[in-house]
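K.L.:
Okay, here's the structure, questions in a sec.
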Amino acid sequence: MHEVVPEKLKLISEYQHQKVSGKKTQFDSETNRAGDILAVKADYKLNDKVDLALGQQVSVKGSANNQTTMGIAAKFTERLSLRGKEAIGNDGAATSLGMTLSPFATPNVSGDNKKISLRDSLALAGDYTKTVFNSGQIGDTVSLSTAAKLDEKTDVHGTYSLVTSGPEGEVSSFVYGSKKKLTDKLDLASDRSYASSDQEKVSSNIYKLSGEINEHWASQGAYERGIVQNYNGTQNMRNAISLGLGFVDRDKKSGRANLKNSAKIELRFDDGQENQRQYLFDNVTEGKINQETTLFTKINLSQSKNTSTDSSMAQYKEFSFGAAHRPINLDRLNLLTKYTYLDEDAPASQNDISDILKERSHVFAVEGIYELTDKWQIVNKLAYKIGKEMVSGFGFTKTETWLAIARFNYNFYKQWQVGAEYRALGQTQAKDRKNGALVELAYRLDDFAQLGVGYNFTEFNDNLTHLDYTAQGPFIRVTGAFFDRTPGEIEKAREKVEQNRQKHIEVQKQARIAEQKRRRHRDIHDTLRMEEKKYYRETKFEFQEYFFSPF
């Protein structure tokens, strides 16, 4: 996606590539359709109260999904806004009308308990859409949502939507809930939802507790209870609970995080014709041992078990440990190393392209990045994987796989970068080798994130831990930096190193001066001692001459 924001005009473009594995023909949904879609949208601010929008969506490959949209939004008063949109596509046409009633910016507070007037805090939004399909069928969609602030600590919200005479029949849903601030750093939220259609009915409850415990710790907890509709027509009653805990330790002077940790555990209980239990544990830790080196670890554990048959359905274990090194005096260089252990038993109903049922592997990877100039950057990566794989119908087989990547990046305009890389992938036992190229256009969002789009001409990705042989084609990639330093922080680090170096030079200089003074004092002392001895000898000789001379 790319976004350009002049003073009044905003242009947004997006390209989507979607591939469907194990397509289920009985379901017709956006996530069950393969294809490539290109979309462009222009937003124009006519004045302070009127905004215009024009968009075009084109299906490049796959099922046709071409669509043109035109919209207008107008602000009539400080609180009331109206909007309208017309969409024309291959499936038909749709007309939408909507309104929003915003709350007052500064609601009136009354009473000792600081209750807020409902009139001042109430927000309303409503939309109505009429769709005329090419088949002649007409569908109506109505949605109404509301939110209000009861007092300084309590918010409530609710949403109702209804779809009538659509392709899937009549569908209605209603969600309502509240959020209460228990303390300045702790929030409690609860939601209740109902949904019904010609095929199913679903209801669930969700409760969440989140907030900061102190300046170092934060926590989150959630509980969900609902009904799950399975594809085979059966239903499961689901109860799920999740707990999360986060920790951060910051430098008191700079405010920079020296250590971060987040941990989450989730338990699911599905009860129906067959009872299932699932747990998931995730832990990520990042810490700086000095200004140049960062260590990180990651642990992912999960297991699904059928308690009715007392059998394991699937399990997954992944342990990773790595380090990143960026010398202060040579900040053009970045070194990354990582080790990963993977233990995976795929569920019986899941088949990937290689039909691997079980895998035990060790993956070693090292990557070096060096900035040749302010414009040019070179990147090299080497990875080696050794493990055992079980393919359907066979036992475990030893595998050895290696990956080599050479890449050049060029910063051609402000935050823009273009990159090209050559990849080679080899498999020792099969004596097989694949190679190819990849190109990417990237935009730096800020000092810590980069968004890129490109095309992979090879058939594989660059991650041996989760190797994919269907990675060919366009892609979108977001790259983030952990514990990276801003240009200002880098400059401060350089200044500190230079100050320490100057202090060291000054100390050495003072030591040399002191040594020279000591030597001079020693020479003076030796000279005086020699003069003293000489004077003593001469004085003694004269005394002896005088004492023994005859009268």
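Letters for chains follow the order of the structure tokens (A, B, ...), residue numbers begin at 1 for each chain, and ligand numbers begin at 1 in the order shown.
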For the interface of segment 215-243 of chain A with segment 259-262 of chain A (cut-off 10 Å, counting only C-alpha atoms), please tabulate each contacting residue of segment 215-243 of chain A alongside its nearest pair of atoms and their separation in Å to one decimal, rows sorted by chain and increasing number, as a Markdown table.
P.N.:
```
| residue | atom | partner | partner_atom | distance |
| --- | --- | --- | --- | --- |
| A:His216 | CA | A:Lys260 | CA | 9.4 |
| A:Trp217 | CA | A:Asn261 | CA | 9.6 |
| A:Ala218 | CA | A:Ser262 | CA | 9.2 |
| A:Ser219 | CA | A:Ser262 | CA | 9.4 |
```
K.L.:
Convert the current residue selection to file output with C-alpha atoms, as a PDB file, in the first residue's frame.
P.N.:
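Once everything was written out, this is result_29.pdb:
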```pdb
ATOM      1  CA  HIS A 216       7.438  -1.820  34.893  1.00  0.00           C
ATOM      2  CA  TRP A 217       4.523  -4.277  34.687  1.00  0.00           C
ATOM      3  CA  ALA A 218       1.318  -4.495  32.636  1.00  0.00           C
ATOM      4  CA  SER A 219      -1.230  -7.289  32.430  1.00  0.00           C
TER       5      SER A 219
END
```
K.L.:
Extract, using only C-alpha atoms, all DNA, RNA and protein residues at most 12 Å from segment 87-91 of chain A, discarding same-chain residues fewer than 5 positions from it, and format them as a VMD selection string.
P.N.:
chain A and resid 53 to 59 63 to 71 96 to 97 129 to 138 167
K.L.:
Filtering to N, CA and C atoms, could you give me those residues as a CSV table (one decimal), in the first residue's frame?
P.N.:
```
chain,number,residue,atom,x,y,z
A,53,ALA,N,-14.6,11.5,-2.3
A,53,ALA,CA,-13.8,10.3,-2.5
A,53,ALA,C,-14.2,9.6,-3.8
A,54,LEU,N,-13.2,9.1,-4.5
A,54,LEU,CA,-13.4,8.3,-5.7
A,54,LEU,C,-12.4,7.2,-5.7
A,55,GLY,N,-12.9,6.0,-5.9
A,55,GLY,CA,-12.1,4.8,-5.9
A,55,GLY,C,-12.4,3.8,-7.1
A,56,GLN,N,-11.4,3.1,-7.4
A,56,GLN,CA,-11.5,2.1,-8.5
A,56,GLN,C,-10.8,0.8,-8.1
A,57,GLN,N,-11.5,-0.3,-8.2
A,57,GLN,CA,-10.9,-1.6,-7.9
A,57,GLN,C,-11.0,-2.5,-9.1
A,58,VAL,N,-9.8,-3.1,-9.5
A,58,VAL,CA,-9.7,-3.9,-10.7
A,58,VAL,C,-9.2,-5.3,-10.3
A,59,SER,N,-9.8,-6.3,-10.9
A,59,SER,CA,-9.3,-7.7,-10.7
A,59,SER,C,-8.3,-8.0,-11.7
A,63,SER,N,-11.2,-14.4,-10.2
A,63,SER,CA,-12.6,-14.1,-10.4
A,63,SER,C,-12.7,-12.6,-10.5
A,64,ALA,N,-13.6,-12.1,-11.4
A,64,ALA,CA,-13.8,-10.7,-11.6
A,64,ALA,C,-14.4,-10.0,-10.4
A,65,ASN,N,-13.7,-8.9,-10.0
A,65,ASN,CA,-14.2,-8.2,-8.8
A,65,ASN,C,-14.0,-6.7,-9.0
A,66,ASN,N,-14.3,-6.2,-10.2
A,66,ASN,CA,-14.2,-4.8,-10.6
A,66,ASN,C,-15.3,-4.0,-9.9
A,67,GLN,N,-14.9,-2.8,-9.4
A,67,GLN,CA,-15.8,-2.0,-8.7
A,67,GLN,C,-15.4,-0.5,-8.7
A,68,THR,N,-16.3,0.4,-8.9
A,68,THR,CA,-16.1,1.8,-8.9
A,68,THR,C,-17.0,2.4,-7.8
A,69,THR,N,-16.4,3.3,-7.0
A,69,THR,CA,-17.1,3.9,-5.8
A,69,THR,C,-16.9,5.4,-5.9
A,70,MET,N,-18.0,6.1,-5.5
A,70,MET,CA,-18.0,7.6,-5.4
A,70,MET,C,-18.7,7.9,-4.0
A,71,GLY,N,-18.1,8.8,-3.3
A,71,GLY,CA,-18.6,9.2,-2.0
A,71,GLY,C,-18.5,10.6,-1.6
A,96,SER,N,-25.4,3.8,-0.4
A,96,SER,CA,-25.3,3.8,1.0
A,96,SER,C,-25.5,5.3,1.5
A,97,LEU,N,-26.3,5.4,2.6
A,97,LEU,CA,-26.5,6.7,3.3
A,97,LEU,C,-26.2,6.5,4.8
A,129,THR,N,-27.8,0.6,3.5
A,129,THR,CA,-27.3,0.3,2.2
A,129,THR,C,-28.3,-0.6,1.5
A,130,LYS,N,-28.7,-0.2,0.2
A,130,LYS,CA,-29.5,-1.0,-0.6
A,130,LYS,C,-28.7,-1.5,-1.8
A,131,THR,N,-28.7,-2.8,-2.0
A,131,THR,CA,-27.9,-3.5,-3.0
A,131,THR,C,-28.8,-4.2,-4.0
A,132,VAL,N,-28.6,-3.9,-5.3
A,132,VAL,CA,-29.3,-4.5,-6.3
A,132,VAL,C,-28.3,-5.4,-7.1
A,133,PHE,N,-28.5,-6.7,-7.0
A,133,PHE,CA,-27.6,-7.7,-7.7
A,133,PHE,C,-28.0,-7.9,-9.1
A,134,ASN,N,-27.1,-8.3,-9.9
A,134,ASN,CA,-27.4,-8.5,-11.4
A,134,ASN,C,-28.4,-9.6,-11.6
A,135,SER,N,-28.5,-10.5,-10.6
A,135,SER,CA,-29.5,-11.5,-10.7
A,135,SER,C,-30.9,-11.1,-10.5
A,136,GLY,N,-31.1,-9.8,-10.1
A,136,GLY,CA,-32.4,-9.2,-9.8
A,136,GLY,C,-32.7,-9.3,-8.3
A,137,GLN,N,-31.9,-9.9,-7.5
A,137,GLN,CA,-32.2,-10.0,-6.0
A,137,GLN,C,-31.8,-8.7,-5.4
A,138,ILE,N,-32.6,-8.3,-4.4
A,138,ILE,CA,-32.3,-7.0,-3.7
A,138,ILE,C,-32.0,-7.3,-2.2
A,167,PRO,N,-27.8,-12.8,-0.4
A,167,PRO,CA,-27.5,-14.1,-1.0
A,167,PRO,C,-27.5,-15.2,0.1
```
K.L.:
Any idea what's packed within 9 Å of Arg225 of chain A, counting only C-alpha atoms, ignoring anything in its chain fewer than 6 positions away? Could you give it as number ranges by chain?
P.N.:
A: 203-206, 237-241
K.L.:
Excluding segment 383-387 of chain A and any residue of its chain fewer than 5 positions from it, enumerate the residues within 12 Å of it, using only C-alpha atoms, and give them as a PyMOL selection string.
P.N.:
chain A and resi 336-344+358-368+396-405+423-429+462-467
K.L.:
Those selected residues, please, written with C-alpha atoms and delivered as a short mmCIF file (atom, residue, chain, number, x, y, z; two decimals), in the first residue's frame.
P.N.:
```cif
data_model
loop_
_atom_site.label_atom_id
_atom_site.label_comp_id
_atom_site.auth_asym_id
_atom_site.auth_seq_id
_atom_site.Cartn_x
_atom_site.Cartn_y
_atom_site.Cartn_z
CA LEU A 336 22.41 -10.78 13.27
CA THR A 337 22.60 -14.40 14.41
CA LYS A 338 19.77 -16.76 15.29
CA TYR A 339 19.25 -20.37 16.34
CA THR A 340 15.83 -22.07 16.22
CA TYR A 341 14.64 -25.49 17.33
CA LEU A 342 11.35 -26.69 15.83
CA ASP A 343 9.20 -29.65 16.87
CA GLU A 344 5.89 -29.89 15.01
CA LYS A 358 6.03 -34.34 11.64
CA GLU A 359 9.23 -32.36 11.78
CA ARG A 360 12.17 -32.00 14.19
CA SER A 361 14.81 -29.52 13.07
CA HIS A 362 17.63 -27.16 14.07
CA VAL A 363 18.13 -23.96 12.08
CA PHE A 364 21.22 -21.73 12.22
CA ALA A 365 21.23 -18.34 10.48
CA VAL A 366 23.63 -15.39 10.27
CA GLU A 367 23.03 -12.12 8.46
CA GLY A 368 25.29 -9.15 7.83
CA PHE A 396 11.54 -40.03 9.67
CA THR A 397 14.12 -39.00 7.07
CA LYS A 398 17.21 -36.91 7.76
CA THR A 399 17.34 -33.63 5.83
CA GLU A 400 20.00 -30.96 5.34
CA THR A 401 19.03 -27.69 3.68
CA TRP A 402 21.03 -24.51 3.12
CA LEU A 403 20.11 -21.01 1.96
CA ALA A 404 22.31 -18.18 0.66
CA ILE A 405 21.16 -14.64 -0.16
CA ARG A 423 18.74 -16.43 -3.69
CA ALA A 424 20.02 -19.98 -3.76
CA LEU A 425 18.43 -22.93 -1.92
CA GLY A 426 19.95 -26.41 -1.78
CA GLN A 427 18.93 -29.80 -0.39
CA THR A 428 21.85 -32.17 0.30
CA GLN A 429 20.09 -35.55 0.31
CA ASP A 462 13.82 -16.89 3.00
CA ASN A 463 12.86 -18.64 6.27
CA LEU A 464 14.17 -22.19 6.67
CA THR A 465 12.21 -22.62 9.91
CA HIS A 466 8.95 -22.34 7.97
CA LEU A 467 10.07 -23.05 4.42
#
```
K.L.:
My list of candidates is A:Ser178, A:Thr77, A:Lys10, A:Glu498. Which is closest to Tyr44 of chain A when distances are computed with only C-alpha atoms?
P.N.:
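The shortest atom-to-atom distance to Tyr44 of chain A comes from A:Lys10.
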K.L.:
Which polymer residues have any atom within 8 Å of an atom of Lys45 of chain A, counting only C-alpha atoms, with same-chain residues fewer than 3 positions away left out, as a ChimeraX atom specification?
P.N.:
/A:8-9,48,50-52
K.L.:
With C-alpha atoms retained, write the just-selected residues as a short mmCIF file (atom, residue, chain, number, x, y, z; two decimals), in the first residue's frame.
P.N.:
```
data_model
loop_
_atom_site.label_atom_id
_atom_site.label_comp_id
_atom_site.auth_asym_id
_atom_site.auth_seq_id
_atom_site.Cartn_x
_atom_site.Cartn_y
_atom_site.Cartn_z
CA LYS A 8 -5.89 18.59 0.29
CA LEU A 9 -5.48 15.46 -1.84
CA ASP A 48 -13.48 22.44 6.04
CA VAL A 50 -17.01 18.67 2.69
CA ASP A 51 -14.85 15.68 1.69
CA LEU A 52 -15.06 13.85 -1.66
#
```
K.L.:
Do a neighbour search on Ser312 of chain A at 9 Å with only C-alpha atoms, toss out local chain neighbours closer than 6 positions, and write the hits as a PyMOL selection string.
P.N.:
chain A and resi 303-306+347
K.L.:
May I ask for the distance between atom CA of Asp282 of chain A and atom CA of Val248 of chain A, given in Å to one decimal place?
P.N.:
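Separating atom CA of Asp282 of chain A from atom CA of Val248 of chain A is a distance of 16.7 Å.
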K.L.:
Any chance you could list, as a ChimeraX atom specification, the residues in segment 309-359 of chain A that come up strand (DSSP E or B) when DSSP is run on the backbone?
P.N.:
/A:311-325,333-345,356-359
K.L.:
So that I have them on file, write out the residues from the current selection with N, CA and C atoms, as a CSV table (one decimal), in the first residue's frame.
P.N.:
```
chain,number,residue,atom,x,y,z
A,311,SER,N,-6.5,-38.7,22.7
A,311,SER,CA,-5.4,-38.6,21.7
A,311,SER,C,-5.0,-37.2,21.4
A,312,SER,N,-3.7,-37.1,21.0
A,312,SER,CA,-3.2,-35.8,20.6
A,312,SER,C,-3.5,-35.5,19.2
A,313,MET,N,-4.1,-34.3,19.0
A,313,MET,CA,-4.5,-33.9,17.6
A,313,MET,C,-3.3,-33.2,16.9
A,314,ALA,N,-2.6,-32.4,17.6
A,314,ALA,CA,-1.5,-31.6,17.1
A,314,ALA,C,-0.7,-31.0,18.2
A,315,GLN,N,0.6,-30.7,17.9
A,315,GLN,CA,1.4,-30.0,18.9
A,315,GLN,C,2.5,-29.2,18.1
A,316,TYR,N,3.0,-28.2,18.8
A,316,TYR,CA,3.9,-27.3,18.1
A,316,TYR,C,4.9,-26.7,19.2
A,317,LYS,N,6.2,-26.8,18.9
A,317,LYS,CA,7.2,-26.3,19.8
A,317,LYS,C,8.2,-25.5,19.0
A,318,GLU,N,8.5,-24.3,19.4
A,318,GLU,CA,9.5,-23.5,18.7
A,318,GLU,C,10.3,-22.7,19.8
A,319,PHE,N,11.6,-22.9,19.8
A,319,PHE,CA,12.5,-22.1,20.6
A,319,PHE,C,13.5,-21.4,19.8
A,320,SER,N,13.7,-20.1,20.0
A,320,SER,CA,14.6,-19.3,19.2
A,320,SER,C,15.5,-18.5,20.2
A,321,PHE,N,16.8,-18.3,19.8
A,321,PHE,CA,17.7,-17.5,20.5
A,321,PHE,C,18.6,-16.8,19.5
A,322,GLY,N,18.8,-15.5,19.7
A,322,GLY,CA,19.6,-14.8,18.8
A,322,GLY,C,20.3,-13.5,19.4
A,323,ALA,N,21.1,-12.9,18.6
A,323,ALA,CA,21.8,-11.7,19.0
A,323,ALA,C,21.9,-10.8,17.9
A,324,ALA,N,21.9,-9.5,18.2
A,324,ALA,CA,22.2,-8.4,17.2
A,324,ALA,C,23.3,-7.5,17.7
A,325,HIS,N,24.2,-7.2,16.8
A,325,HIS,CA,25.4,-6.4,17.2
A,325,HIS,C,25.6,-5.3,16.2
A,333,LEU,N,27.7,-1.1,10.1
A,333,LEU,CA,27.7,-2.6,10.2
A,333,LEU,C,26.6,-3.1,11.1
A,334,ASN,N,25.8,-4.1,10.7
A,334,ASN,CA,24.8,-4.8,11.5
A,334,ASN,C,25.0,-6.3,11.4
A,335,LEU,N,25.1,-7.0,12.5
A,335,LEU,CA,25.3,-8.4,12.5
A,335,LEU,C,24.1,-9.0,13.2
A,336,LEU,N,23.5,-10.1,12.6
A,336,LEU,CA,22.4,-10.8,13.3
A,336,LEU,C,22.7,-12.3,13.2
A,337,THR,N,22.5,-12.9,14.3
A,337,THR,CA,22.6,-14.4,14.4
A,337,THR,C,21.4,-15.0,15.1
A,338,LYS,N,21.0,-16.2,14.7
A,338,LYS,CA,19.8,-16.8,15.3
A,338,LYS,C,19.8,-18.3,15.2
A,339,TYR,N,19.4,-18.9,16.3
A,339,TYR,CA,19.2,-20.4,16.3
A,339,TYR,C,17.8,-20.7,16.7
A,340,THR,N,17.2,-21.7,16.0
A,340,THR,CA,15.8,-22.1,16.2
A,340,THR,C,15.7,-23.6,16.3
A,341,TYR,N,15.0,-24.1,17.3
A,341,TYR,CA,14.6,-25.5,17.3
A,341,TYR,C,13.1,-25.6,17.1
A,342,LEU,N,12.8,-26.5,16.2
A,342,LEU,CA,11.3,-26.7,15.8
A,342,LEU,C,10.9,-28.1,16.0
A,343,ASP,N,9.8,-28.3,16.7
A,343,ASP,CA,9.2,-29.7,16.9
A,343,ASP,C,7.7,-29.5,16.6
A,344,GLU,N,7.3,-30.1,15.5
A,344,GLU,CA,5.9,-29.9,15.0
A,344,GLU,C,5.2,-31.2,14.6
A,345,ASP,N,4.0,-31.4,15.1
A,345,ASP,CA,3.2,-32.5,14.7
A,345,ASP,C,1.9,-31.9,14.1
A,356,ILE,N,4.1,-33.0,4.8
A,356,ILE,CA,5.0,-33.3,6.0
A,356,ILE,C,4.1,-33.4,7.2
A,357,LEU,N,4.1,-34.5,7.9
A,357,LEU,CA,3.2,-34.7,9.1
A,357,LEU,C,4.0,-34.3,10.3
A,358,LYS,N,5.3,-34.7,10.4
A,358,LYS,CA,6.0,-34.3,11.6
A,358,LYS,C,7.4,-33.8,11.2
A,359,GLU,N,7.9,-32.9,12.1
A,359,GLU,CA,9.2,-32.4,11.8
A,359,GLU,C,10.0,-32.0,13.1
```
K.L.:
Check the smallest atom-to-atom distance from each of A:Ile37, A:Val284, A:Val163, A:Ala93 to Ser197 of chain A using only C-alpha atoms, then report the winner.
P.N.:
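Smallest distance to Ser197 of chain A is found for A:Val163.
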K.L.:
Go through A:Thr309, A:Ala442, A:Asn435, A:Tyr207 and flag the residue nearest Asn456 of chain A, using only C-alpha atoms for the distances.
P.N.:
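Of all the options, A:Asn435 lies closest to Asn456 of chain A.
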K.L.:
A:Leu245, A:Val202, A:Leu382, A:Ile505: which is nearest Phe174 of chain A, counting only C-alpha atoms?
P.N.:
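Under the stated criterion, the closest residue is A:Val202.
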K.L.:
Of the candidates A:Val391, A:Gln276, A:Lys381, A:Ala263, which one gets nearest to Thr297 of chain A if we count only C-alpha atoms?
P.N.:
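Counting only C-alpha atoms, the residue closest to Thr297 of chain A is A:Ala263.
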